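I have placed the structure first, in the form of C-alpha cells, so that the comments after it can refer back to it.
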2 protein chains.
Amino acid sequence: MSDNTQPRTRVRLRDVADLVGVTAAAASMALADSPRISDKTKRAVRAAATQLGYVPSSAGRALRSQRAGAIALIVPNTTQHVFGHSYFMHVLTGVSSVANERDTQVLVSTNPDEAHGLAAYERVMRSKSADGAIVTSAAVTDLNVERLSQSGLPVVLIGNFPYLSTSVSVGIDDVGASRSITEHLIEVHGRTRLLHVTGPMDHQTAIDRREGFLAAVAAHDLADASRVVEGDFSEEAGRDAVLGLGRDLTGFDGIVFANDDMAFGGLRALKSLGVSVPQDISIVGFDDFGLSRLTTPGITTVRVPAERMARVATERLFDLIEGSKPGPSHQELAVTLVLRESCGCESKADDA
Amino acid sequence: MSDNTQPRTRVRLRDVADLVGVTAAAASMALADSPRISDKTKRAVRAAATQLGYVPSSAGRALRSQRAGAIALIVPNTTQHVFGHSYFMHVLTGVSSVANERDTQVLVSTNPDEAHGLAAYERVMRSKSADGAIVTSAAVTDLNVERLSQSGLPVVLIGNFPYLSTSVSVGIDDVGASRSITEHLIEVHGRTRLLHVTGPMDHQTAIDRREGFLAAVAAHDLADASRVVEGDFSEEAGRDAVLGLGRDLTGFDGIVFANDDMAFGGLRALKSLGVSVPQDISIVGFDDFGLSRLTTPGITTVRVPAERMARVATERLFDLIEGSKPGPSHQELAVTLVLRESCGCESKADDA
DNA sequence: TGCACTTGCTTTATCGTTAAAGCACATTAC
DNA sequence: GTAATGTGCTTTAACGATAAAGCAAGTGCA
C-alpha cells in the first residue's frame with residue numbers, strides 16, 4: 001500500500017551519495033553542476049536524489065552558507081489594527097510570490113512582545129533565522145523599527161518614513177494622491193465645502209493624506225469652507241465624524257475620508273441621517289482593499305497597490321541581501337484613482 | 001554616537017566564552033543552567049552574553065538539535081475573497097501567539113505551485129525548515145494535503161476532514177451550527193419557507209452547512225417549501241442567488257446563507273429589489289469575521305472562533321512535535337449564535 | 001594514606017552541507 | 001621521455017551549538 005519511493009527517514013546527501021557510490025562532496029558538486037564532475041556521475045546523482053526524494057537540509061545549508069534562505073515579514077502589532085486585514089494579505093501575497101521565485105521561505109513575525117529583552121523581530125534577525133526583513137510599520141516613530149533599520153541588516157520598509165530617510169523603503173505619494181482625489185471632488189463635481197476625516201495622526205499616511213487635502217483646498221481657495229476632523233481609520237471613527245457634526249453637517253457638500261473603512265462608516269451614518277450620497281454629499285475614500293467596491297453606492301477611492309509595493313520591496317530586499325544595486329533609498333509607486341458612484345460619477349452598470 | 005554595546009559583527013557563543021575565559025562548551029552549559037557549572041561562571045557567562053548581545057544561531061542549533069525551531073502555516077488554496085482575508089488573519093494571530101510562547105518562528109507557506117516537482121510546502125517540511133505544520137485547507141480532497149498529513153510529519157489540520165479521519169484536526173460542528181441557526185429562523189421567527197445558498201460543494205464546510213440546513217427543515221416538516229441553491233462563498237454568488245430567483249423570491253420568507261459574504265451580497269440584492277430585511281425576508285449568515293457586524297441591518301450569524309481554533313491547533317501541534325499526548329484525533333470547538341437584526345431580533349441599541 | 005566521589009571545567013564528536021585542497025591517473029606537449 | 005595540464009574524484013575543514021566523555025584538582029571517608 002505504501003509508496004516505496006517514500007523515504008521512511010530523513011534523506012541526507014550522504015544517502016544519495018552512498019547509493020551512487022561516491023562521497024557526499026562529489027554528490028554536492030554533481031547537484032551544483034560542477035564542471036569537475038563527469039556527466040555520467042551527475043546523471044546518476046540526480047537520479048538517486050529524485051529516487052530517494054532528497055531535499056537539502058535547510059539547517060545544514062544555512063550553517064555552511066551563512067544564509068538562512070528565509071526573509072522575515074515584520075508586522076508590529078499596532079499595524080494590524082490600523083491597516084486592515086486585507087492590506088496585510090496583499091502584502092503577504094506579494095512578499096510570498098517573490099520569495100517563492102527565489103526559493104526562499106517567508107517568516108512572519110507579528111508579535112513584538114519583549115520576550116527576552118529584545119523585540120521578537122530583533123531576535124529573528126540576530127539569530128540569523130532570516131537574511132533580511134520587510135517591515136510594514138505605520139507609526140511615524142517606532143523605536144524598534146528604527147533600531148532594526150539602522151542595525152546594518154538588510155531591511156526594506158513599506159510606507160513612507162521621512163524620519164528614517166536613510167532607510168530603504170517603498171511607498172506611494174500619499175500627499176499627491178490625496179490632493180488628486182480632493183481635486184476630483186472640487187473640479188469634476190463642483191464641491192466647494194469639504195470635510196476631511198484623518199487617520200491617527202501618529203501615522204505618516206494620516207499626516208500625508210491630510211496634507212494633500214489641505215493643499216487641494218488651499219489651491220482652490222476653499223480653505224475657509226473646509227474643515228479637518230481627526231479619526232483613526234476605523235469605520236466607527238467615520239461614523240462618529242459624521243454624527244459628531246450635528247447640524248454643521250449641512251455646511252458640507254463633500255467628505256474626503258483618509259481611508260475606505262471610515263468612508264464606509266461615514267456612508268452608513270449619512271444614510272441613517274437621510275442624507276443621500278452622492279446627491280447631497282459626495283464622499284471619497286482611500287485604499288481600495290475591497291470594501292469600497294462592495295458598498296452601495298460604491299466608494300470612489302485611491303487604489304493603493306499593496307501587493308505590488310510588497311513585490312517591489314521584496315525585490316529590493318533581495319538586492320540588499322545580495323549586496324548589489326544600492327539604488328534609490330526610497331521608491332514611490334503610482335496609484336490609480338478609482339471612480340465609483342459615491343463622488344457623483346456614473347456607475348459602470350456593474351449591477352444587474 | 002554609536003552605541004558601543006551594539007555588536008558590529010555577528011556574535012557567536014565562542015565570543016561570549018572567550019570574553020569570560022572558558023570554552024564554548026562551558027558557556028553553552030552555563031546558559032543551559034547545568035549543575036556542572038559553578039554559579040560564578042554562570043553569572044559571568046550570562047553577563048557576557050547580555051553585554052555582547054548574544055543570540056544563538058538558529059542554524060547551528062537546528063543542525064545540532066534536529067529541531068528547526070519553527071512551524072509552518074500552510075495555506076494551499078490562497079483565499080481570493082476579500083473577507084477570506086479576515087479568517088486567515090485570525091488564524092495567523094492564533095498560531096503566532098502560541099508559537100511565540102514557545103519561542104518558535106512561524107513560517108507561512110502559501111504558494112501551491114510546484115517549484116521542483118514538489119509543492120512548496122512539501123519542500124518546507126522535507127527540508128526540515130519547520131518541525132510541523134498547521135494546514136488550513138478548505139477543499140474536501142487535496143492530494144498534497146493528504147500526502148502531507150500521511151507523511152508521518154507532525155501536521156494538524158484546521159477544519160473538518162472526514163476523508164482524512166486519521167489526521168489530527170481542529171474544527172467546529174458545522175452541521176449542528178447550521179441546523180441551530182436555521183431552527184432559530186423557524187422557531188423564534190416563525191419562518192417556514194426557507195432558501196439555503198451553499199458554498200462550493202467541494203468544500204467540506206459547504207457540505208456540512210447544507211446538511212445542517214436540510215436536517216432543520218426536515219425536522220420541522222418544511223422540506224417541501226424549502227430550496228437549496230449552490231453558491232461559492234462570494235458576495236456575488238449571494239447576489240446572484242437572490243436575483244436568480246426572479247418571481248420565485250416571494251415564495252420564501254427566510255434565507256440561510258452558508259457564509260456572511262454571500263449574506264451581504266444577498267442583502268444588497270434584496271434591498272435593490274425593494275424587499276425589506278427582516279420584515280419581508282429574514283436572512284442569516286455564517287462566520288462573523290467582521291463584515292456581518294457592519295451591514296445595515298447587522299447580519300445574524302454563527303461566530304466561528306477562528307483564532308481559538310488556531311490556538312488549539314497549534315497547541316496540539318506542539319504536543320505532536322514533542323511526541324506526547326496522542327489525544328483525540330479530531331477536536332470540535334463550540335460556536336456562538338450572534339443575534340443581530342437581519343433575522344428579526346431586536347437591535348441592541350448599538351448605534352447612536 | 002589511599003580510594004572513591006564530587007566539582008568544574010576541557011576535549012571530542014556530531015548534526016548536513018559544501019568550498020578548497022589533495023591526489024591518483026590519463027592525456028597532451030615538446 | 002619527462003614535464004605540464006586535465007579529469008574526476010576523495011579528503012579535509014568549517015559553519016555554530018551542544019551532548020557526552022574525559023580529566024585534573026579538591027573533598028570525604030575509612
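By order of appearance in the C-alpha cells: chains A, B, ..., then residues from 1 within every chain, and ligands from 1 in the order shown.
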
Find the residues of chain B in contact range of chain C, meaning any atom within 7 Å when counting only C-alpha atoms (C1' of nucleotides), and list them as an mmCIF file with all heavy atoms, in the first residue's frame.
```
data_model
loop_
_atom_site.group_PDB
_atom_site.id
_atom_site.type_symbol
_atom_site.label_atom_id
_atom_site.label_comp_id
_atom_site.auth_asym_id
_atom_site.auth_seq_id
_atom_site.Cartn_x
_atom_site.Cartn_y
_atom_site.Cartn_z
ATOM 1 N N ARG B 36 26.650 21.282 36.461
ATOM 2 C CA ARG B 36 28.086 21.026 36.420
ATOM 3 C C ARG B 36 28.920 22.289 36.278
ATOM 4 O O ARG B 36 30.139 22.228 36.147
ATOM 5 C CB ARG B 36 28.412 20.070 35.243
ATOM 6 C CG ARG B 36 27.654 18.756 35.270
ATOM 7 C CD ARG B 36 28.058 17.921 36.467
ATOM 8 N NE ARG B 36 29.486 17.649 36.507
ATOM 9 C CZ ARG B 36 30.065 16.619 35.908
ATOM 10 N NH1 ARG B 36 29.329 15.765 35.226
ATOM 11 N NH2 ARG B 36 31.361 16.440 35.994
ATOM 12 N N ILE B 37 28.229 23.418 36.231
ATOM 13 C CA ILE B 37 28.936 24.693 36.075
ATOM 14 C C ILE B 37 28.749 25.533 37.341
ATOM 15 O O ILE B 37 27.651 25.587 37.907
ATOM 16 C CB ILE B 37 28.378 25.467 34.846
ATOM 17 C CG1 ILE B 37 28.587 24.658 33.558
ATOM 18 C CG2 ILE B 37 29.021 26.849 34.723
ATOM 19 C CD1 ILE B 37 30.028 24.518 33.119
ATOM 20 N N SER B 38 29.816 26.162 37.790
ATOM 21 C CA SER B 38 29.746 26.940 39.023
ATOM 22 C C SER B 38 28.884 28.189 38.848
ATOM 23 O O SER B 38 28.771 28.728 37.749
ATOM 24 C CB SER B 38 31.147 27.361 39.460
ATOM 25 O OG SER B 38 31.656 28.325 38.561
ATOM 26 N N LEU B 63 20.723 22.412 13.498
ATOM 27 C CA LEU B 63 21.512 21.291 12.996
ATOM 28 C C LEU B 63 21.831 20.323 14.137
ATOM 29 O O LEU B 63 21.689 19.115 14.015
ATOM 30 C CB LEU B 63 22.805 21.823 12.381
ATOM 31 C CG LEU B 63 23.639 20.821 11.605
ATOM 32 C CD1 LEU B 63 22.801 20.158 10.526
ATOM 33 C CD2 LEU B 63 24.837 21.519 10.983
ATOM 34 N N ARG B 64 22.263 20.886 15.233
ATOM 35 C CA ARG B 64 22.646 20.054 16.376
ATOM 36 C C ARG B 64 21.435 19.338 16.975
ATOM 37 O O ARG B 64 21.473 18.153 17.277
ATOM 38 C CB ARG B 64 23.296 20.953 17.429
ATOM 39 C CG ARG B 64 23.619 20.290 18.724
ATOM 40 C CD ARG B 64 24.691 19.241 18.530
ATOM 41 N NE ARG B 64 24.297 18.013 19.191
ATOM 42 C CZ ARG B 64 25.091 17.275 19.952
ATOM 43 N NH1 ARG B 64 26.356 17.595 20.099
ATOM 44 N NH2 ARG B 64 24.648 16.211 20.530
#
```

* **Within 10 Å of chain A: residues of chain D, using only C-alpha atoms (C1' of nucleotides), as a list in words** => DT7, DG8, DC9, DT10, DT11, DA14, DC15 and DG16 of chain D

* Nearby residues (only C-alpha atoms (C1' of nucleotides)) at most 10 Å from range 229-237 of chain B, same-chain spacing under 2 positions excluded, as a PyMOL selection string -> (chain A and resi 294+351) or (chain B and resi 80-84+195-203+206+210+227+239-245+257-269)

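Sharing one sequence, chain B and chain A superpose at an RMSD of 0.8 Å, with all Cα atoms paired in order.
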
Could you give me, as a PDB file with C-alpha atoms, in the first residue's frame, each residue of range 21-175 of chain A that DSSP assigns to strand (DSSP E or B) when run on this structure's backbone?
```pdb
ATOM      1  CA  ALA A  70      14.375  32.951   4.576  1.00  0.00           C
ATOM      2  CA  ILE A  71      13.172  36.509   4.877  1.00  0.00           C
ATOM      3  CA  ALA A  72      11.054  37.938   7.640  1.00  0.00           C
ATOM      4  CA  LEU A  73       7.844  39.872   7.209  1.00  0.00           C
ATOM      5  CA  ILE A  74       7.561  42.011  10.280  1.00  0.00           C
ATOM      6  CA  GLN A 105      10.895  30.940   2.976  1.00  0.00           C
ATOM      7  CA  VAL A 106       8.765  33.673   4.479  1.00  0.00           C
ATOM      8  CA  LEU A 107       8.769  34.044   8.194  1.00  0.00           C
ATOM      9  CA  VAL A 108       6.032  36.189   9.691  1.00  0.00           C
ATOM     10  CA  SER A 109       6.903  37.925  12.886  1.00  0.00           C
ATOM     11  CA  ALA A 133      13.262  41.827   6.685  1.00  0.00           C
ATOM     12  CA  ILE A 134      10.300  43.589   5.169  1.00  0.00           C
ATOM     13  CA  VAL A 135       8.758  45.898   7.726  1.00  0.00           C
ATOM     14  CA  ALA A 139       3.812  54.588  13.042  1.00  0.00           C
ATOM     15  CA  VAL A 155      15.713  45.857   5.838  1.00  0.00           C
ATOM     16  CA  VAL A 156      13.156  47.349   3.485  1.00  0.00           C
ATOM     17  CA  LEU A 157      10.267  49.366   4.826  1.00  0.00           C
ATOM     18  CA  ILE A 158       6.863  49.558   3.188  1.00  0.00           C
ATOM     19  CA  VAL A 168      15.343  51.717   2.048  1.00  0.00           C
ATOM     20  CA  SER A 169      11.611  51.988   1.586  1.00  0.00           C
ATOM     21  CA  VAL A 170       8.819  51.575  -0.931  1.00  0.00           C
ATOM     22  CA  GLY A 171       5.698  53.663  -0.725  1.00  0.00           C
ATOM     23  CA  ILE A 172       3.227  55.785  -2.581  1.00  0.00           C
TER      24      ILE A 172
END
```

* **Counting only C-alpha atoms, the residue of B:Pro278, B:Pro56, B:Pro76, B:Gly152 that sits nearest chain A** => B:Pro56

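Each of A:Arg293, A:Arg209, A:His90, A:Arg126 was checked against chain B using only C-alpha atoms; the smallest atom-to-atom distance is that of A:Arg126.
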
* List the neighbours of range 178-182 of chain A out to 8 Å using only C-alpha atoms (C1' of nucleotides); skip same-chain residues closer than 3 positions along the sequence, and give me the result as number ranges by chain. => A: 174-175, 185-186, 208-217, 256, 284, 301-302, 337

Restricting it to C-alpha atoms, dump the selection as an mmCIF file, in the first residue's frame.
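Result written to out13.cif:
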```cif
data_model
loop_
_atom_site.group_PDB
_atom_site.id
_atom_site.type_symbol
_atom_site.label_atom_id
_atom_site.label_comp_id
_atom_site.auth_asym_id
_atom_site.auth_seq_id
_atom_site.Cartn_x
_atom_site.Cartn_y
_atom_site.Cartn_z
ATOM 1 C CA ASP A 174 0.050 59.894 -0.268
ATOM 2 C CA VAL A 175 0.168 63.670 -0.434
ATOM 3 C CA LEU A 185 -14.413 66.446 -5.956
ATOM 4 C CA ILE A 186 -13.700 70.122 -6.499
ATOM 5 C CA ASP A 208 0.367 62.943 4.357
ATOM 6 C CA ARG A 209 -3.226 62.462 3.306
ATOM 7 C CA ARG A 210 -4.269 65.426 5.371
ATOM 8 C CA GLU A 211 -1.532 67.480 3.782
ATOM 9 C CA GLY A 212 -2.786 66.542 0.314
ATOM 10 C CA PHE A 213 -6.305 67.517 1.261
ATOM 11 C CA LEU A 214 -5.169 70.863 2.664
ATOM 12 C CA ALA A 215 -3.072 71.576 -0.409
ATOM 13 C CA ALA A 216 -6.052 70.960 -2.657
ATOM 14 C CA VAL A 217 -8.462 73.199 -0.766
ATOM 15 C CA VAL A 256 -12.688 63.139 1.961
ATOM 16 C CA VAL A 284 -14.411 59.532 -1.274
ATOM 17 C CA THR A 301 -11.189 55.891 -3.843
ATOM 18 C CA VAL A 302 -7.459 55.749 -4.484
ATOM 19 C CA LEU A 337 -7.995 56.936 -8.967
#
```

* Return as number ranges by chain the full set of residues in range 23-245 of chain A whose backbone-based DSSP assignment is helix (DSSP H, G or I). => A: 24-31, 39-52, 58-65, 77-82, 85-101, 120-126, 143-149, 162-164, 174-188, 204-219, 223-225, 235-243

* To do: Find, counting only C-alpha atoms, the residue in B:Phe252, B:Ile321, B:Ala47, B:Arg147 that gets nearest to Ala130 in chain B.
  => B:Ile321

* Just the residues within 12 Å of Asp280 in chain B, please, counting only C-alpha atoms (C1' of nucleotides), with nothing from its chain fewer than 6 positions along; format it as a PyMOL selection string. => chain B and resi 189+191+193+249-255+267+270-271+273-274+342-344

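Shortest separation to chain A among B:Ala49, B:Ala59, B:Ala44, B:Ala17 occurs at residue B:Ala59, atoms counted being only C-alpha atoms.
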
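Here CA of Arg316 in chain A is placed at a distance of 29.6 Å from CA of Gly285 in chain A.
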
* How far is it from CA of Thr192 in chain A to CA of Arg247 in chain A, in Å with one decimal? -> 17.9 Å

* One-decimal distance in Å that lies between C1' of DA19 in chain D and CA of Ala32 in chain B -> 11.8 Å
